[in-house]
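**Q** To start, I am sharing the structure in question, which I have written as structure tokens.
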Number of protein chains: 2
Amino acid sequence: MKPVTLKEIAEQLNISITTVSKALKDYPDVSKKTKGLVKELAKTLNYRPNTFAVNLRTKESKTIGLIIPVIVHHFFSNVIKGIVSQAEKKGYLVIILQSNESYELEKKQIDLLLSQRVDGILISLANGTANFNHLNEVLAQDKPLVMFDKIAKIVKCSKVIIDDRKAAYIATQHLIDIGCKRIAHFRGALLPQNSIDRFLGYKKALLDNDLPYDPSLVYICECGDMSFEEGKKNAQLLLEDHSDVDGIFINTDLVAIGALTEFNNQGVKIPEDISIVGFSNWFMSSVISPTLTTIDQPGYLMGKTAFKQLYKEIKAIKNKTPKAPKIITLDTELIERESTKQHQI
Amino acid sequence: MKPVTLKEIAEQLNISITTVSKALKDYPDVSKKTKGLVKELAKTLNYRPNTFAVNLRTKESKTIGLIIPVIVHHFFSNVIKGIVSQAEKKGYLVIILQSNESYELEKKQIDLLLSQRVDGILISLANGTANFNHLNEVLAQDKPLVMFDKIAKIVKCSKVIIDDRKAAYIATQHLIDIGCKRIAHFRGALLPQNSIDRFLGYKKALLDNDLPYDPSLVYICECGDMSFEEGKKNAQLLLEDHSDVDGIFINTDLVAIGALTEFNNQGVKIPEDISIVGFSNWFMSSVISPTLTTIDQPGYLMGKTAFKQLYKEIKAIKNKTPKAPKIITLDTELIERESTKQHQI
DNA sequence: GCTAAAATCGAAAACGTTTTCGTTATAAAA
DNA sequence: TTTTATAACGAAAACGTTTTCGATTTTAGC
């Protein structure tokens with residue numbers, strides 16, 4: 001019942017462990033004949049190298065860690081899929097951890113992955129993360145680290161992102177182009193760089209078009225598990241306080257869908273009364289009523305790209321040719337749907 | 001730059017590696033004083049046990065494997081979340097693989113996890129899986145295996161499921177109760193046990209209520225990436241061939257939402273013309289229009305339960321007290337929403 | 001047949017732990 | 001004081017690989 005080892009194969013063939021090991025790895029100093037014998041016996045005995053021993057010897061585990069704020073999330077699950085499938089292609093396994101938007105948990109999980117001695121770490125930051133010692137420790141250990149989506153500019157590692165500012169600018173400009181004059185913004189939490197950038201893009205679009213920027217039109221959503229409810233709540237607040245708003249750029253589709261639901265309930269017509277642009281292009285956004293104009297955020301590609309970058313860095317460090325951190329920006333796209341429509345003049 | 005080892009601590013304190021190891025693990029045969037010294041130095045040096053070496057010694061990795069047909073999926077991502085968070089509590093890490101509904105891939109991935117020597121495996125079967133040798137090999141290696149959701153009855157391992165037959169029966173009965181006389185069924189792929197059971201539940205409900213079972217009213221969806229489109233397509237076919245249908249029980253909300261969209265487009269009124277019951281209770285189902293009556297399938301709980309069972313078996317095998325496989329059935333619930341309504345008499 | 005080169009193999013160390021079992025030092029019992 | 005028990009420590013083996021380097025054998029060249 002014990003798993004078969006090199007030693008057993010060696011004994012059965014009356015050769016040394018060394019030769020068996022070399023034969024299996026096609027070393028040039030093993031004869032064709034013995035290679036054949038070894039490989040055959042290995043197959044019939046269903047030999048599997050003991051990963052624990054291999055890891056110990058080679059000091060690598062062919063495993064990477066992934067920390068993500070939420071798993072049940074259209075964008076992030078696409079990222080996971082991109083990472084996992086790309087990693088598998090390169091012979092890497094992925095350990096997934098969910099930080100639940102908590103800095104404390106995130107810190108513990110980094111520690112866990114470091115203890116596990118994964119070959120590299122992929123992370124999208126929790127909203128609450130404002131201290132980066134845990135990330136710098138990863139780098140200090142010469143362990144490749146790639147951040148994606150929710151990043152910290154200050155940490156000197158590679159990053160895969162979209163141009164949030166530009167995307168938000170385009171979304172807002174679209175609202176302006178169709179004739180909106182008073183545009184609100186439901187932004188994400190205060191700390192994450194991407195929600196800051198999206199806010200800045202919104203603001204810049206307003207100013208570039210000589211529209212006044214009114215801070216009271218900016219509502220905050222934590223974008224945690226309660227996104228949908230936050231959207232509803234903020235839509236309600238908006239109706240109470242600013243009945244003159246005719247367009248909203250909403251960070252994250254789920255919040256937008258919450259708002260949309262609330263507007264539908266209250267009899268506010270979308271897009272006639274208020275036009276809405278979301279962010280992320282959740283699948284859901286294409287099937288609700290009205291369908292949601294939004295910014296497509298390429299989750300799968302982002303995951304794939306992030307892994308590829310990590311992979312490069314793992315190889316580079318192995319070959320002692322570390323490269324400077326790289327920032328990769330992926331394209332986004334405005335998807336026009338029913339929730340925005342050219343106003344009558 | 002080298003990671004610190006027991007040896008280094010031992011040298012610095014002028015004691016043996018053995019004592020250091022024992023001190024860190026609170027063996028009784030180490031004095032309080034040395035324990036204090038060792039632990040302190042370990043902390044200041046930021047000592048982390050080398051998992052590779054520990055694994056090799058203890059023959060366990062505190063890691064489990066998870067194979068899932070699709071990651072980007074409301075139900076399955078909830079399962080993942082349940083598994084990952086529960087595992088973390090018990091000090092286990094989770095390696096995730098996606099079979100993409102392919103038997104070939106699933107087989108390879110089982111092999112990969114076996115090679116990786118994970119402590120146990122959690123799996124939800126691919127639609128295409130009809131051969132179970134790969135799963136039996138896991139059991140033959142005395143490695144705990146727990147199946148969930150999409151299971152194979154024939155494999156002698158623990159399983160976490162819902163009573164698909166009963167749930168489908170309840171869904172169909174609900175359609176009958178509100179007055180539907182001619183009820184169609186969009187079923188899942190042919191092989192998976194759960195889509196078979198749901199079909200059987202549908203059929204039994206019809207017969208128990210003296211309604212004729214008409215095979216031409218049963219449409220098949222593979223439930224892969226194309227669920228939404230499959231729903232649309234089948235809705236179209238249904239309208240062409242069976243305009244007298246007044247109720248549909250649809251396997252998986254996503255298919256149902258596709259159908260709903262098609263009906264909306266074609267001007268078919270839901271629930272007035274046709275009542276619809278979905279399956280799974282995706283979040284989306286509560287925000288589309290009309291909202292979808294459905295069967296709630298507890299993904300998070302299922303993941304959590306599956307891990308707990310796996311954990312028990314890992315411990316049991318370690319203590320050489322293996323138990324018989326256990327089948328755990330979780331409760332489901334009919335969620336009534338707008339897509340079903342009592343017919344006028 | 002002899003030397004040089006090439007082909008083939010194996011011993012042994014190393015990776016960093018854990019754990020058994022024996023040894024020494026100390027305290028208690030006689 | 002001697003014996004016995006206890007407390008504290010360490011040597012060494014083991015886990016299964018990989019890889020270096022030296023040893024042996026075979027082949028080629030002349």
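Scheme for the structure tokens: letters A, B, ... for chains in order shown; per-chain residue numbers from 1; ligand numbers from 1 in order shown.
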Could you give me, as CSV, every chain A residue with an atom at most 10 Å from chain D, plus its closest atom pair and distance in Å to one decimal, counting only C-alpha atoms (C1' of nucleotides), rows ordered by chain then number?

**A**
```
residue,atom,partner,partner_atom,distance
A:Thr5,CA,D:DG16,C1',7.0
A:Leu6,CA,D:DG16,C1',7.6
A:Lys7,CA,D:DG16,C1',8.4
A:Ile17,CA,D:DT17,C1',9.6
A:Thr18,CA,D:DT18,C1',8.6
A:Ser21,CA,D:DT18,C1',8.0
A:Lys22,CA,D:DT18,C1',9.0
A:Pro49,CA,D:DT17,C1',8.1
A:Asn50,CA,D:DG16,C1',6.5
A:Thr51,CA,D:DT17,C1',8.7
A:Phe52,CA,D:DG16,C1',8.0
A:Ala53,CA,D:DT17,C1',5.0
A:Val54,CA,D:DT17,C1',5.2
A:Asn55,CA,D:DT17,C1',8.5
A:Leu56,CA,D:DT17,C1',7.9
A:Arg57,CA,D:DT17,C1',6.3
A:Thr58,CA,D:DT18,C1',7.6
```

**Q** Which residues of chain A come within 9 Å of chain B, and what is each one's closest atom pair and distance in Å (one decimal), counting only C-alpha atoms, sorted by chain and residue number, as a Markdown table?

**A**
```
| residue | atom | partner | partner_atom | distance |
| --- | --- | --- | --- | --- |
| A:Met1 | CA | B:Gln141 | CA | 7.3 |
| A:Lys2 | CA | B:Gln141 | CA | 8.7 |
| A:Pro3 | CA | B:Gln141 | CA | 8.5 |
| A:Arg48 | CA | B:Ser115 | CA | 6.0 |
| A:Pro49 | CA | B:Ser115 | CA | 7.1 |
| A:Asn50 | CA | B:Ser115 | CA | 7.3 |
| A:Thr51 | CA | B:Gln116 | CA | 5.8 |
| A:Phe52 | CA | B:Leu56 | CA | 5.0 |
| A:Ala53 | CA | B:Leu56 | CA | 5.9 |
| A:Val54 | CA | B:Phe52 | CA | 8.5 |
| A:Asn55 | CA | B:Phe52 | CA | 5.8 |
| A:Leu56 | CA | B:Phe52 | CA | 5.0 |
| A:Arg57 | CA | B:Phe52 | CA | 8.7 |
| A:Lys59 | CA | B:Phe52 | CA | 8.0 |
| A:Glu60 | CA | B:Phe52 | CA | 8.9 |
| A:Ser61 | CA | B:Phe52 | CA | 8.2 |
| A:Thr63 | CA | B:Ile95 | CA | 8.9 |
| A:Val70 | CA | B:Lys81 | CA | 8.4 |
| A:Ile71 | CA | B:Lys81 | CA | 6.2 |
| A:Val72 | CA | B:Ser77 | CA | 5.2 |
| A:His73 | CA | B:Ser77 | CA | 8.0 |
| A:His74 | CA | B:Val72 | CA | 6.7 |
| A:Phe75 | CA | B:Val72 | CA | 8.7 |
| A:Phe76 | CA | B:Val72 | CA | 8.6 |
| A:Ser77 | CA | B:Val72 | CA | 5.2 |
| A:Asn78 | CA | B:Val72 | CA | 5.8 |
| A:Ile80 | CA | B:Ile71 | CA | 7.6 |
| A:Lys81 | CA | B:Ile71 | CA | 6.2 |
| A:Val84 | CA | B:Leu97 | CA | 6.7 |
| A:Ser85 | CA | B:Gln98 | CA | 7.5 |
| A:Glu88 | CA | B:Leu97 | CA | 8.2 |
| A:Leu93 | CA | B:Ile95 | CA | 6.6 |
| A:Val94 | CA | B:Ile95 | CA | 5.5 |
| A:Ile95 | CA | B:Ile95 | CA | 4.6 |
| A:Ile96 | CA | B:Val94 | CA | 6.3 |
| A:Leu97 | CA | B:Val84 | CA | 6.7 |
| A:Gln98 | CA | B:Ser85 | CA | 7.5 |
| A:Leu114 | CA | B:Arg48 | CA | 8.5 |
| A:Ser115 | CA | B:Arg48 | CA | 5.9 |
| A:Gln116 | CA | B:Thr51 | CA | 5.8 |
| A:Arg117 | CA | B:Thr51 | CA | 7.0 |
| A:Ala140 | CA | B:Met1 | CA | 8.8 |
| A:Gln141 | CA | B:Met1 | CA | 7.2 |
| A:Asp142 | CA | B:Met1 | CA | 8.6 |
| A:Ile257 | CA | B:Val287 | CA | 7.7 |
| A:Gly258 | CA | B:Val287 | CA | 8.1 |
| A:Thr261 | CA | B:Val287 | CA | 7.0 |
| A:Met284 | CA | B:Met284 | CA | 6.4 |
| A:Val287 | CA | B:Thr261 | CA | 7.0 |
| A:Ile288 | CA | B:Ile288 | CA | 4.9 |
| A:Ser289 | CA | B:Ser289 | CA | 6.4 |
```

**Q** What residues in chain C lie within 10 Å of chain B, counting only C-alpha atoms (C1' of nucleotides), written as a tab-separated table (two decimals) with N, CA and C atoms (P, O5', C5', C4', C3', O3' and C1' of nucleotides), in the first residue's frame?

**A**
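What ended up in iface-v9.tsv:
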```tsv
chain	number	residue	atom	x	y	z
C	15	DC	P	22.36	21.62	2.73
C	15	DC	O5'	20.88	21.96	2.33
C	15	DC	C5'	20.38	21.87	1.00
C	15	DC	C4'	18.94	21.45	1.05
C	15	DC	C3'	18.30	21.61	2.43
C	15	DC	O3'	17.72	22.90	2.52
C	15	DC	C1'	17.67	19.54	1.36
C	16	DG	P	18.05	23.80	3.83
C	16	DG	O5'	17.02	23.23	4.90
C	16	DG	C5'	15.65	23.39	4.65
C	16	DG	C4'	14.87	22.57	5.64
C	16	DG	C3'	15.17	22.90	7.11
C	16	DG	O3'	13.94	23.09	7.74
C	16	DG	C1'	15.31	20.59	6.76
C	17	DT	P	13.75	23.69	9.18
C	17	DT	O5'	12.55	22.80	9.70
C	17	DT	C5'	12.78	21.63	10.25
C	17	DT	C4'	11.83	20.56	9.80
C	17	DT	C3'	11.33	19.80	11.00
C	17	DT	O3'	9.94	20.03	11.14
C	17	DT	C1'	12.50	18.35	9.46
C	18	DT	P	9.32	19.75	12.57
C	18	DT	O5'	9.41	18.16	12.69
C	18	DT	C5'	8.54	17.35	11.91
C	18	DT	C4'	8.75	15.90	12.27
C	18	DT	C3'	8.44	15.56	13.73
C	18	DT	O3'	7.65	14.39	13.73
C	18	DT	C1'	10.62	14.85	13.18
C	19	DT	P	6.82	13.97	14.99
C	19	DT	O5'	7.71	12.77	15.56
C	19	DT	C5'	8.10	11.74	14.67
C	19	DT	C4'	9.12	10.86	15.33
C	19	DT	C3'	8.91	10.64	16.83
C	19	DT	O3'	9.13	9.27	17.10
C	19	DT	C1'	11.09	11.34	16.45
```
